[in-house]
Amino acid sequence: MKKRVKNTNKLKRRRKKRKRNSNIIIGLILIIILFLGIFKFTSTINKPLKISNEEVVLVEEGDSFYSIVSKLKSENKIKSPLIIKIYAKLTGLNLEVVPGSHTLEKGMSVKEIAETLKDASNANAITVTIPEGFNIEDIATRLQEQEVCTSDEFLNAVKSYPLPSYVKDNPDKRYNLEGFLFPDTYSFEIGVEPQYIIETMIKRFEEVFKEITASDTITEEEVEKVVNVASIIEKEARVDEDRPLIASVIYNRLKQNMPLQIDATVIYAHGYYIESVRNRHLAIESKYNTYLYKGLPVGPICNPGVESLKAALNPASTDYLFYLLASDDEHYFTNNYDDFLKKKEELGY
């Protein structure tokens with residue numbers, strides 16, 4: 001009987017010990033969860049932006065602080081909108097926003113973002129969006145349309161602007177800076193000098209290029225080749241999936257000393273848009289014409305975006321030598337000329 005009582009007491013003590021240990025573990029887990037929650041809350045409040053450098057935000061009539069936060073979240077450029085909303089409610093943050101262009105810096109806190117968005121000194125700035133694939137003359141037209149400066153002022157500034165060390169001066173190029181004015185959304189003060197616009201766009205190119213080549217060793221001599229290839233990809237590709245494949249075709253043809261024979265280079269050589277390139281267009285005497293001259297065109301044919309630059313740096317590993325547009329967006333790729341001709345006939349080219 002005594003033995004049974006002793007065993008029962010031992011069992012009770014064990015259960016109490018297990019329960020105590022379980023409570024300690026649960027307590028530790030709760031403390032860790034609380035700590036992580038506090039850390040996430042404070043890191044979101046102190047540095048909510050997920051951007052590499054700057055972000056120009058255009059505030060339009062009817063926009064609110066939260067609609068801007070939602071837009072940034074959809075672009076994966078800001079952390080938890082919920083935490084930001086809770087913080088704003090708890091602190092009574094002034095969330096008034098003023099229409100205009102506002103520049104957000106990488107290390108800004110939520111409070112600093114709110115103060116920037118209500119800064120009326122930015123209300124008279126002009127926001128200009130330069131799409132991927134615009135050439136320099138397209139940019140000049142866009143700047144004139146938005147009354148930043150005249151087209152002629154911009155083009156003259158481009159021609160006289162001192163070239164960065166990685167850009168080769170060549171009289172056969174239409175514009176030496178073609179390819180290096182990075183497509184993005186910019187905010188410029190009214191009356192800004194064209195030289196400042198060029199400087200800003202080149203700096204943006206350098207920032208992006210440095211970021212995407214961080215793990216690679218690219219010499220200054222190689223920069224222009226990469227941009228040249230990227231500019232062709234930008235004009236040829238319709239979807240991102242095709243970009244590395246088009247890059248592989250370009251490099252494969254260069255390796256085999258085949259002429260690139262890319263229509264986009266012929267269109268640039270003519271200097272105006274051609275809906276469908278015909279045999280009569282192919283005879284134009286120009287170092288941009290890759291039907292007449294082997295190798296890359298004498299210079300880039302547009303200003304490529306980040307995805308085309310990435311594709312030029314990291315082409316797909318293929319043996320493709322030919323491609324043609326097979327649908328509204330995607331291209332058909334092959335390494336066989338007869339297959340290429342067959343597909344061309346099938347698609348009605």
# chains A, B, ... in the order shown; residues from 1 in each chain; ligands from 1
$ select_by_dssp --residues "segment 104-305 of chain A" --states "helix (DSSP H, G or I)" --output "tab-separated table (two decimals) with N, CA, C and O atoms, in the first residue's frame"
chain	number	residue	atom	x	y	z
A	110	VAL	N	8.31	56.37	-41.41
A	110	VAL	CA	6.92	56.64	-41.79
A	110	VAL	C	6.61	58.12	-41.57
A	110	VAL	O	5.96	58.76	-42.40
A	111	LYS	N	7.09	58.67	-40.46
A	111	LYS	CA	6.85	60.08	-40.15
A	111	LYS	C	7.46	60.97	-41.23
A	111	LYS	O	6.84	61.94	-41.69
A	112	GLU	N	8.69	60.65	-41.67
A	112	GLU	CA	9.36	61.46	-42.70
A	112	GLU	C	8.65	61.35	-44.04
A	112	GLU	O	8.57	62.32	-44.79
A	113	ILE	N	8.12	60.16	-44.34
A	113	ILE	CA	7.36	59.99	-45.58
A	113	ILE	C	6.11	60.87	-45.55
A	113	ILE	O	5.80	61.56	-46.53
A	114	ALA	N	5.41	60.85	-44.41
A	114	ALA	CA	4.19	61.67	-44.27
A	114	ALA	C	4.51	63.15	-44.43
A	114	ALA	O	3.78	63.89	-45.10
A	115	GLU	N	5.63	63.59	-43.85
A	115	GLU	CA	6.02	65.00	-43.96
A	115	GLU	C	6.39	65.37	-45.39
A	115	GLU	O	6.08	66.46	-45.87
A	116	THR	N	7.05	64.44	-46.10
A	116	THR	CA	7.43	64.68	-47.49
A	116	THR	C	6.21	64.81	-48.39
A	116	THR	O	6.15	65.68	-49.26
A	117	LEU	N	5.21	63.95	-48.17
A	117	LEU	CA	4.03	63.94	-49.04
A	117	LEU	C	3.13	65.15	-48.84
A	117	LEU	O	2.28	65.43	-49.68
A	120	ALA	N	4.44	71.23	-49.68
A	120	ALA	CA	3.88	71.98	-50.82
A	120	ALA	C	4.97	72.51	-51.75
A	120	ALA	O	4.67	72.90	-52.89
A	121	SER	N	6.23	72.50	-51.33
A	121	SER	CA	7.30	73.03	-52.18
A	121	SER	C	7.52	72.16	-53.42
A	121	SER	O	8.12	72.58	-54.40
A	122	ASN	N	7.00	70.91	-53.36
A	122	ASN	CA	7.14	70.02	-54.52
A	122	ASN	C	5.96	70.09	-55.48
A	122	ASN	O	5.95	69.42	-56.50
A	136	ILE	N	16.57	58.64	-77.85
A	136	ILE	CA	16.81	60.02	-77.39
A	136	ILE	C	15.83	61.01	-78.00
A	136	ILE	O	15.37	61.94	-77.33
A	137	GLU	N	15.47	60.80	-79.26
A	137	GLU	CA	14.52	61.73	-79.89
A	137	GLU	C	13.12	61.56	-79.30
A	137	GLU	O	12.37	62.54	-79.20
A	138	ASP	N	12.76	60.34	-78.91
A	138	ASP	CA	11.48	60.13	-78.21
A	138	ASP	C	11.48	60.88	-76.88
A	138	ASP	O	10.47	61.48	-76.50
A	139	ILE	N	12.61	60.81	-76.17
A	139	ILE	CA	12.71	61.51	-74.88
A	139	ILE	C	12.57	63.01	-75.08
A	139	ILE	O	11.86	63.69	-74.33
A	140	ALA	N	13.23	63.53	-76.11
A	140	ALA	CA	13.16	64.96	-76.40
A	140	ALA	C	11.72	65.39	-76.67
A	140	ALA	O	11.27	66.43	-76.18
A	141	THR	N	10.99	64.57	-77.43
A	141	THR	CA	9.58	64.87	-77.73
A	141	THR	C	8.75	64.85	-76.45
A	141	THR	O	7.91	65.74	-76.23
A	142	ARG	N	8.96	63.86	-75.59
A	142	ARG	CA	8.20	63.76	-74.34
A	142	ARG	C	8.46	64.97	-73.44
A	142	ARG	O	7.53	65.52	-72.85
A	143	LEU	N	9.70	65.39	-73.35
A	143	LEU	CA	10.05	66.55	-72.51
A	143	LEU	C	9.40	67.83	-73.03
A	143	LEU	O	8.94	68.67	-72.25
A	144	GLN	N	9.33	67.96	-74.35
A	144	GLN	CA	8.68	69.14	-74.92
A	144	GLN	C	7.18	69.09	-74.69
A	144	GLN	O	6.56	70.11	-74.35
A	145	GLU	N	6.57	67.90	-74.85
A	145	GLU	CA	5.13	67.75	-74.64
A	145	GLU	C	4.74	68.12	-73.21
A	145	GLU	O	3.67	68.69	-72.99
A	151	SER	N	12.41	70.37	-77.44
A	151	SER	CA	13.09	69.22	-78.02
A	151	SER	C	14.50	69.60	-78.49
A	151	SER	O	15.47	68.88	-78.23
A	152	ASP	N	14.61	70.73	-79.15
A	152	ASP	CA	15.91	71.17	-79.66
A	152	ASP	C	16.90	71.44	-78.54
A	152	ASP	O	18.09	71.12	-78.65
A	153	GLU	N	16.41	72.05	-77.46
A	153	GLU	CA	17.28	72.33	-76.32
A	153	GLU	C	17.87	71.03	-75.76
A	153	GLU	O	19.07	70.95	-75.45
A	154	PHE	N	17.02	70.03	-75.66
A	154	PHE	CA	17.47	68.76	-75.10
A	154	PHE	C	18.47	68.07	-76.04
A	154	PHE	O	19.52	67.60	-75.60
A	155	LEU	N	18.13	68.03	-77.33
A	155	LEU	CA	19.00	67.35	-78.29
A	155	LEU	C	20.37	68.03	-78.40
A	155	LEU	O	21.40	67.36	-78.51
A	156	ASN	N	20.37	69.35	-78.36
A	156	ASN	CA	21.65	70.09	-78.40
A	156	ASN	C	22.49	69.80	-77.16
A	156	ASN	O	23.71	69.66	-77.24
A	157	ALA	N	21.79	69.69	-76.01
A	157	ALA	CA	22.50	69.38	-74.77
A	157	ALA	C	23.08	67.97	-74.81
A	157	ALA	O	24.19	67.73	-74.32
A	158	VAL	N	22.33	67.03	-75.41
A	158	VAL	CA	22.81	65.65	-75.54
A	158	VAL	C	24.09	65.61	-76.38
A	158	VAL	O	25.06	64.93	-76.04
A	159	LYS	N	24.08	66.36	-77.46
A	159	LYS	CA	25.24	66.35	-78.38
A	159	LYS	C	26.49	66.95	-77.74
A	159	LYS	O	27.62	66.53	-78.05
A	160	SER	N	26.31	67.91	-76.85
A	160	SER	CA	27.47	68.60	-76.26
A	160	SER	C	27.83	68.08	-74.87
A	160	SER	O	28.85	68.51	-74.31
A	194	PRO	N	18.46	71.42	-69.41
A	194	PRO	CA	18.54	70.09	-70.05
A	194	PRO	C	19.75	69.29	-69.59
A	194	PRO	O	19.69	68.06	-69.48
A	195	GLN	N	20.86	69.98	-69.30
A	195	GLN	CA	22.07	69.28	-68.85
A	195	GLN	C	21.80	68.53	-67.54
A	195	GLN	O	22.32	67.42	-67.33
A	196	TYR	N	20.98	69.13	-66.67
A	196	TYR	CA	20.66	68.49	-65.39
A	196	TYR	C	19.81	67.24	-65.62
A	196	TYR	O	19.98	66.23	-64.94
A	197	ILE	N	18.90	67.32	-66.59
A	197	ILE	CA	18.06	66.15	-66.93
A	197	ILE	C	18.95	65.00	-67.39
A	197	ILE	O	18.79	63.86	-66.95
A	198	ILE	N	19.89	65.31	-68.27
A	198	ILE	CA	20.81	64.28	-68.80
A	198	ILE	C	21.64	63.69	-67.66
A	198	ILE	O	21.77	62.46	-67.53
A	199	GLU	N	22.17	64.56	-66.82
A	199	GLU	CA	22.99	64.11	-65.68
A	199	GLU	C	22.19	63.17	-64.77
A	199	GLU	O	22.69	62.12	-64.35
A	200	THR	N	20.94	63.54	-64.50
A	200	THR	CA	20.08	62.73	-63.63
A	200	THR	C	19.82	61.36	-64.23
A	200	THR	O	19.87	60.34	-63.53
A	201	MET	N	19.55	61.31	-65.53
A	201	MET	CA	19.24	60.04	-66.19
A	201	MET	C	20.48	59.14	-66.30
A	201	MET	O	20.38	57.91	-66.16
A	202	ILE	N	21.63	59.74	-66.51
A	202	ILE	CA	22.88	58.95	-66.56
A	202	ILE	C	23.20	58.40	-65.18
A	202	ILE	O	23.58	57.23	-65.04
A	203	LYS	N	23.03	59.21	-64.15
A	203	LYS	CA	23.27	58.74	-62.78
A	203	LYS	C	22.35	57.58	-62.44
A	203	LYS	O	22.76	56.62	-61.78
A	204	ARG	N	21.11	57.67	-62.90
A	204	ARG	CA	20.15	56.58	-62.65
A	204	ARG	C	20.60	55.31	-63.37
A	204	ARG	O	20.51	54.21	-62.80
A	205	PHE	N	21.08	55.45	-64.60
A	205	PHE	CA	21.61	54.30	-65.32
A	205	PHE	C	22.76	53.66	-64.53
A	205	PHE	O	22.82	52.44	-64.37
A	206	GLU	N	23.67	54.49	-64.05
A	206	GLU	CA	24.83	53.98	-63.33
A	206	GLU	C	24.42	53.25	-62.05
A	206	GLU	O	25.00	52.22	-61.69
A	207	GLU	N	23.42	53.79	-61.36
A	207	GLU	CA	22.93	53.15	-60.13
A	207	GLU	C	22.36	51.76	-60.43
A	207	GLU	O	22.68	50.78	-59.76
A	208	VAL	N	21.50	51.70	-61.46
A	208	VAL	CA	20.86	50.44	-61.82
A	208	VAL	C	21.89	49.44	-62.32
A	208	VAL	O	21.88	48.26	-61.92
A	209	PHE	N	22.80	49.90	-63.17
A	209	PHE	CA	23.81	48.99	-63.74
A	209	PHE	C	24.72	48.44	-62.65
A	209	PHE	O	25.07	47.25	-62.66
A	210	LYS	N	25.09	49.29	-61.71
A	210	LYS	CA	25.94	48.85	-60.60
A	210	LYS	C	25.22	47.79	-59.76
A	210	LYS	O	25.81	46.81	-59.33
A	211	GLU	N	23.93	48.01	-59.56
A	211	GLU	CA	23.13	47.08	-58.75
A	211	GLU	C	23.02	45.71	-59.41
A	211	GLU	O	23.17	44.68	-58.75
A	212	ILE	N	22.75	45.69	-60.72
A	212	ILE	CA	22.52	44.39	-61.38
A	212	ILE	C	23.82	43.68	-61.77
A	212	ILE	O	23.79	42.51	-62.15
A	220	GLU	N	34.91	48.57	-68.06
A	220	GLU	CA	34.33	49.72	-68.75
A	220	GLU	C	34.17	49.46	-70.24
A	220	GLU	O	33.22	49.92	-70.86
A	221	GLU	N	35.10	48.69	-70.81
A	221	GLU	CA	35.05	48.39	-72.24
A	221	GLU	C	33.84	47.52	-72.60
A	221	GLU	O	33.36	47.54	-73.73
A	222	GLU	N	33.35	46.76	-71.61
A	222	GLU	CA	32.24	45.84	-71.86
A	222	GLU	C	30.87	46.49	-71.67
A	222	GLU	O	29.87	45.97	-72.14
A	223	VAL	N	30.83	47.62	-70.97
A	223	VAL	CA	29.55	48.25	-70.65
A	223	VAL	C	28.75	48.57	-71.90
A	223	VAL	O	27.57	48.24	-72.01
A	224	GLU	N	29.39	49.20	-72.88
A	224	GLU	CA	28.66	49.61	-74.08
A	224	GLU	C	28.14	48.42	-74.87
A	224	GLU	O	27.05	48.46	-75.44
A	225	LYS	N	28.91	47.33	-74.90
A	225	LYS	CA	28.45	46.13	-75.60
A	225	LYS	C	27.18	45.58	-74.94
A	225	LYS	O	26.22	45.22	-75.63
A	226	VAL	N	27.20	45.51	-73.62
A	226	VAL	CA	26.02	45.02	-72.88
A	226	VAL	C	24.81	45.89	-73.17
A	226	VAL	O	23.71	45.39	-73.45
A	227	VAL	N	25.00	47.21	-73.12
A	227	VAL	CA	23.88	48.14	-73.37
A	227	VAL	C	23.40	48.04	-74.81
A	227	VAL	O	22.19	48.12	-75.08
A	228	ASN	N	24.33	47.86	-75.73
A	228	ASN	CA	23.98	47.71	-77.15
A	228	ASN	C	23.08	46.49	-77.34
A	228	ASN	O	22.01	46.56	-77.96
A	229	VAL	N	23.50	45.34	-76.79
A	229	VAL	CA	22.70	44.11	-76.89
A	229	VAL	C	21.35	44.32	-76.21
A	229	VAL	O	20.30	43.93	-76.74
A	230	ALA	N	21.37	44.94	-75.02
A	230	ALA	CA	20.12	45.18	-74.27
A	230	ALA	C	19.15	46.06	-75.05
A	230	ALA	O	17.93	45.87	-75.01
A	231	SER	N	19.69	47.03	-75.80
A	231	SER	CA	18.82	47.93	-76.57
A	231	SER	C	18.10	47.18	-77.68
A	231	SER	O	16.94	47.46	-77.99
A	232	ILE	N	18.78	46.20	-78.28
A	232	ILE	CA	18.15	45.37	-79.33
A	232	ILE	C	17.07	44.49	-78.70
A	232	ILE	O	15.95	44.39	-79.23
A	233	ILE	N	17.40	43.88	-77.57
A	233	ILE	CA	16.42	43.05	-76.86
A	233	ILE	C	15.19	43.87	-76.52
A	233	ILE	O	14.05	43.41	-76.69
A	234	GLU	N	15.40	45.09	-76.05
A	234	GLU	CA	14.28	45.96	-75.65
A	234	GLU	C	13.32	46.22	-76.81
A	234	GLU	O	12.10	46.23	-76.63
A	235	LYS	N	13.86	46.42	-78.00
A	235	LYS	CA	13.01	46.72	-79.16
A	235	LYS	C	12.38	45.47	-79.76
A	235	LYS	O	11.35	45.54	-80.42
A	236	GLU	N	13.00	44.31	-79.53
A	236	GLU	CA	12.51	43.07	-80.13
A	236	GLU	C	11.53	42.31	-79.24
A	236	GLU	O	10.58	41.70	-79.73
A	240	ASP	N	8.88	39.38	-70.92
A	240	ASP	CA	10.16	39.19	-70.24
A	240	ASP	C	10.76	37.81	-70.48
A	240	ASP	O	11.98	37.66	-70.55
A	241	GLU	N	9.89	36.80	-70.63
A	241	GLU	CA	10.39	35.43	-70.81
A	241	GLU	C	11.23	35.29	-72.09
A	241	GLU	O	12.12	34.44	-72.16
A	242	ASP	N	10.93	36.12	-73.09
A	242	ASP	CA	11.66	36.04	-74.37
A	242	ASP	C	13.02	36.73	-74.33
A	242	ASP	O	13.89	36.48	-75.18
A	243	ARG	N	13.22	37.63	-73.37
A	243	ARG	CA	14.43	38.46	-73.39
A	243	ARG	C	15.73	37.64	-73.33
A	243	ARG	O	16.64	37.85	-74.15
A	244	PRO	N	15.88	36.70	-72.37
A	244	PRO	CA	17.12	35.91	-72.35
A	244	PRO	C	17.30	35.05	-73.60
A	244	PRO	O	18.43	34.77	-74.01
A	245	LEU	N	16.18	34.63	-74.22
A	245	LEU	CA	16.25	33.82	-75.43
A	245	LEU	C	16.72	34.64	-76.62
A	245	LEU	O	17.56	34.20	-77.42
A	246	ILE	N	16.19	35.86	-76.74
A	246	ILE	CA	16.65	36.76	-77.80
A	246	ILE	C	18.12	37.09	-77.61
A	246	ILE	O	18.91	37.14	-78.56
A	247	ALA	N	18.51	37.29	-76.34
A	247	ALA	CA	19.93	37.55	-76.05
A	247	ALA	C	20.79	36.39	-76.51
A	247	ALA	O	21.87	36.59	-77.10
A	248	SER	N	20.32	35.16	-76.30
A	248	SER	CA	21.10	33.99	-76.71
A	248	SER	C	21.26	33.93	-78.23
A	248	SER	O	22.33	33.57	-78.73
A	249	VAL	N	20.22	34.30	-78.98
A	249	VAL	CA	20.30	34.32	-80.44
A	249	VAL	C	21.35	35.34	-80.89
A	249	VAL	O	22.18	35.06	-81.76
A	250	ILE	N	21.34	36.51	-80.29
A	250	ILE	CA	22.30	37.56	-80.65
A	250	ILE	C	23.73	37.07	-80.42
A	250	ILE	O	24.59	37.16	-81.32
A	251	TYR	N	23.99	36.54	-79.24
A	251	TYR	CA	25.35	36.08	-78.93
A	251	TYR	C	25.75	34.88	-79.77
A	251	TYR	O	26.92	34.77	-80.19
A	252	ASN	N	24.81	33.98	-80.04
A	252	ASN	CA	25.12	32.80	-80.87
A	252	ASN	C	25.49	33.21	-82.30
A	252	ASN	O	26.43	32.66	-82.90
A	253	ARG	N	24.76	34.17	-82.84
A	253	ARG	CA	25.04	34.63	-84.21
A	253	ARG	C	26.37	35.39	-84.26
A	253	ARG	O	27.15	35.25	-85.21
A	254	LEU	N	26.64	36.19	-83.24
A	254	LEU	CA	27.93	36.89	-83.18
A	254	LEU	C	29.08	35.89	-83.12
A	254	LEU	O	30.11	36.06	-83.79
A	255	LYS	N	28.90	34.84	-82.31
A	255	LYS	CA	29.94	33.82	-82.15
A	255	LYS	C	30.23	33.11	-83.47
A	255	LYS	O	31.37	32.73	-83.75
A	263	ASP	N	15.53	43.54	-87.60
A	263	ASP	CA	14.75	44.64	-88.19
A	263	ASP	C	14.82	45.92	-87.36
A	263	ASP	O	14.82	47.03	-87.92
A	264	ALA	N	14.86	45.78	-86.04
A	264	ALA	CA	14.86	46.97	-85.17
A	264	ALA	C	16.06	47.88	-85.46
A	264	ALA	O	15.95	49.11	-85.35
A	265	THR	N	17.18	47.28	-85.86
A	265	THR	CA	18.36	48.10	-86.17
A	265	THR	C	18.16	48.87	-87.48
A	265	THR	O	18.65	49.99	-87.63
A	266	VAL	N	17.43	48.26	-88.41
A	266	VAL	CA	17.14	48.92	-89.69
A	266	VAL	C	16.19	50.10	-89.47
A	266	VAL	O	16.36	51.18	-90.05
A	267	ILE	N	15.20	49.87	-88.62
A	267	ILE	CA	14.24	50.94	-88.31
A	267	ILE	C	14.96	52.13	-87.69
A	267	ILE	O	14.71	53.29	-88.06
A	268	TYR	N	15.87	51.85	-86.76
A	268	TYR	CA	16.63	52.95	-86.14
A	268	TYR	C	17.49	53.66	-87.17
A	268	TYR	O	17.62	54.89	-87.14
A	269	ALA	N	18.06	52.90	-88.09
A	269	ALA	CA	18.90	53.50	-89.14
A	269	ALA	C	18.11	54.49	-89.99
A	269	ALA	O	18.63	55.53	-90.39
A	270	HIS	N	16.82	54.15	-90.23
A	270	HIS	CA	15.97	55.05	-91.03
A	270	HIS	C	15.56	56.29	-90.23
A	270	HIS	O	15.27	57.34	-90.82
A	279	ASN	N	12.16	44.60	-98.19
A	279	ASN	CA	13.49	44.53	-98.81
A	279	ASN	C	14.04	45.90	-99.17
A	279	ASN	O	15.25	46.14	-99.07
A	280	ARG	N	13.16	46.81	-99.55
A	280	ARG	CA	13.63	48.14	-99.94
A	280	ARG	C	14.24	48.90	-98.75
A	280	ARG	O	15.08	49.79	-98.92
A	281	HIS	N	13.79	48.54	-97.54
A	281	HIS	CA	14.33	49.21	-96.35
A	281	HIS	C	15.72	48.70	-95.97
A	281	HIS	O	16.49	49.39	-95.30
A	282	LEU	N	16.03	47.48	-96.40
A	282	LEU	CA	17.25	46.82	-95.95
A	282	LEU	C	18.52	47.38	-96.59
A	282	LEU	O	19.63	47.08	-96.14
A	283	ALA	N	18.36	48.16	-97.64
A	283	ALA	CA	19.52	48.65	-98.38
A	283	ALA	C	20.11	49.93	-97.81
A	283	ALA	O	21.14	50.41	-98.30
$ closest_residue --among "A:Glu285, A:Ala237, A:Tyr272, A:Phe180" --to "Tyr332 of chain A" --atoms "only C-alpha atoms"
A:Ala237
$ closest_residue --among "A:Ala326, A:Leu28, A:Leu93, A:Leu104" --to "Arg238 of chain A" --atoms "only C-alpha atoms"
A:Ala326
$ residues_around --residues "segment 53-55 of chain A" --least-positions-apart "5" --cutoff "9 Å" --atoms "only C-alpha atoms" --output "number ranges by chain"
A: 77, 102-107, 185-186, 207
$ write_last_selection --atoms "N, CA and C atoms" --output "mmCIF file, in the first residue's frame"
data_model
loop_
_atom_site.group_PDB
_atom_site.id
_atom_site.type_symbol
_atom_site.label_atom_id
_atom_site.label_comp_id
_atom_site.auth_asym_id
_atom_site.auth_seq_id
_atom_site.Cartn_x
_atom_site.Cartn_y
_atom_site.Cartn_z
ATOM 1 N N LYS A 77 7.325 47.928 -52.873
ATOM 2 C CA LYS A 77 8.301 48.952 -52.518
ATOM 3 C C LYS A 77 8.135 49.451 -51.084
ATOM 4 N N HIS A 102 6.884 63.971 -55.407
ATOM 5 C CA HIS A 102 7.614 63.915 -54.136
ATOM 6 C C HIS A 102 8.654 62.802 -54.209
ATOM 7 N N THR A 103 9.858 63.100 -53.779
ATOM 8 C CA THR A 103 10.938 62.109 -53.803
ATOM 9 C C THR A 103 11.116 61.488 -52.431
ATOM 10 N N LEU A 104 10.943 60.164 -52.362
ATOM 11 C CA LEU A 104 11.130 59.424 -51.120
ATOM 12 C C LEU A 104 12.529 58.816 -51.114
ATOM 13 N N GLU A 105 13.237 58.978 -49.991
ATOM 14 C CA GLU A 105 14.581 58.427 -49.840
ATOM 15 C C GLU A 105 14.519 57.060 -49.176
ATOM 16 N N LYS A 106 15.493 56.222 -49.470
ATOM 17 C CA LYS A 106 15.536 54.834 -48.983
ATOM 18 C C LYS A 106 15.370 54.715 -47.470
ATOM 19 N N GLY A 107 16.055 55.553 -46.680
ATOM 20 C CA GLY A 107 16.074 55.393 -45.227
ATOM 21 C C GLY A 107 15.007 56.161 -44.476
ATOM 22 N N THR A 185 10.675 57.127 -63.999
ATOM 23 C CA THR A 185 9.851 58.300 -63.710
ATOM 24 C C THR A 185 10.696 59.305 -62.953
ATOM 25 N N TYR A 186 10.751 60.519 -63.465
ATOM 26 C CA TYR A 186 11.588 61.569 -62.882
ATOM 27 C C TYR A 186 10.738 62.779 -62.486
ATOM 28 N N GLU A 207 23.418 53.792 -61.356
ATOM 29 C CA GLU A 207 22.929 53.151 -60.129
ATOM 30 C C GLU A 207 22.361 51.761 -60.431
#
$ atom_distance --atom1 "atom CA of Ser165 of chain A" --atom2 "atom CA of Ala214 of chain A"
19.0 Å
$ residues_around --residues "Val298 of chain A" --least-positions-apart "2" --cutoff "8 Å" --atoms "only C-alpha atoms" --output "ChimeraX atom specification"
/A:172-173,287-288,296,300
$ closest_residue --among "A:Ile26, A:Leu321, A:Ile45, A:Ile38" --to "Thr91 of chain A" --atoms "only C-alpha atoms"
A:Ile45
$ atom_distance --atom1 "atom CA of Pro162 of chain A" --atom2 "atom CA of Thr213 of chain A"
24.1 Å
$ residues_around --residues "Leu341 of chain A" --least-positions-apart "6" --cutoff "10 Å" --atoms "only C-alpha atoms" --output "VMD selection string"
chain A and resid 322 324 347 349
$ closest_residue --among "A:Val56, A:Leu177, A:Leu260, A:Leu309" --to "Thr129 of chain A" --atoms "only C-alpha atoms"
A:Val56
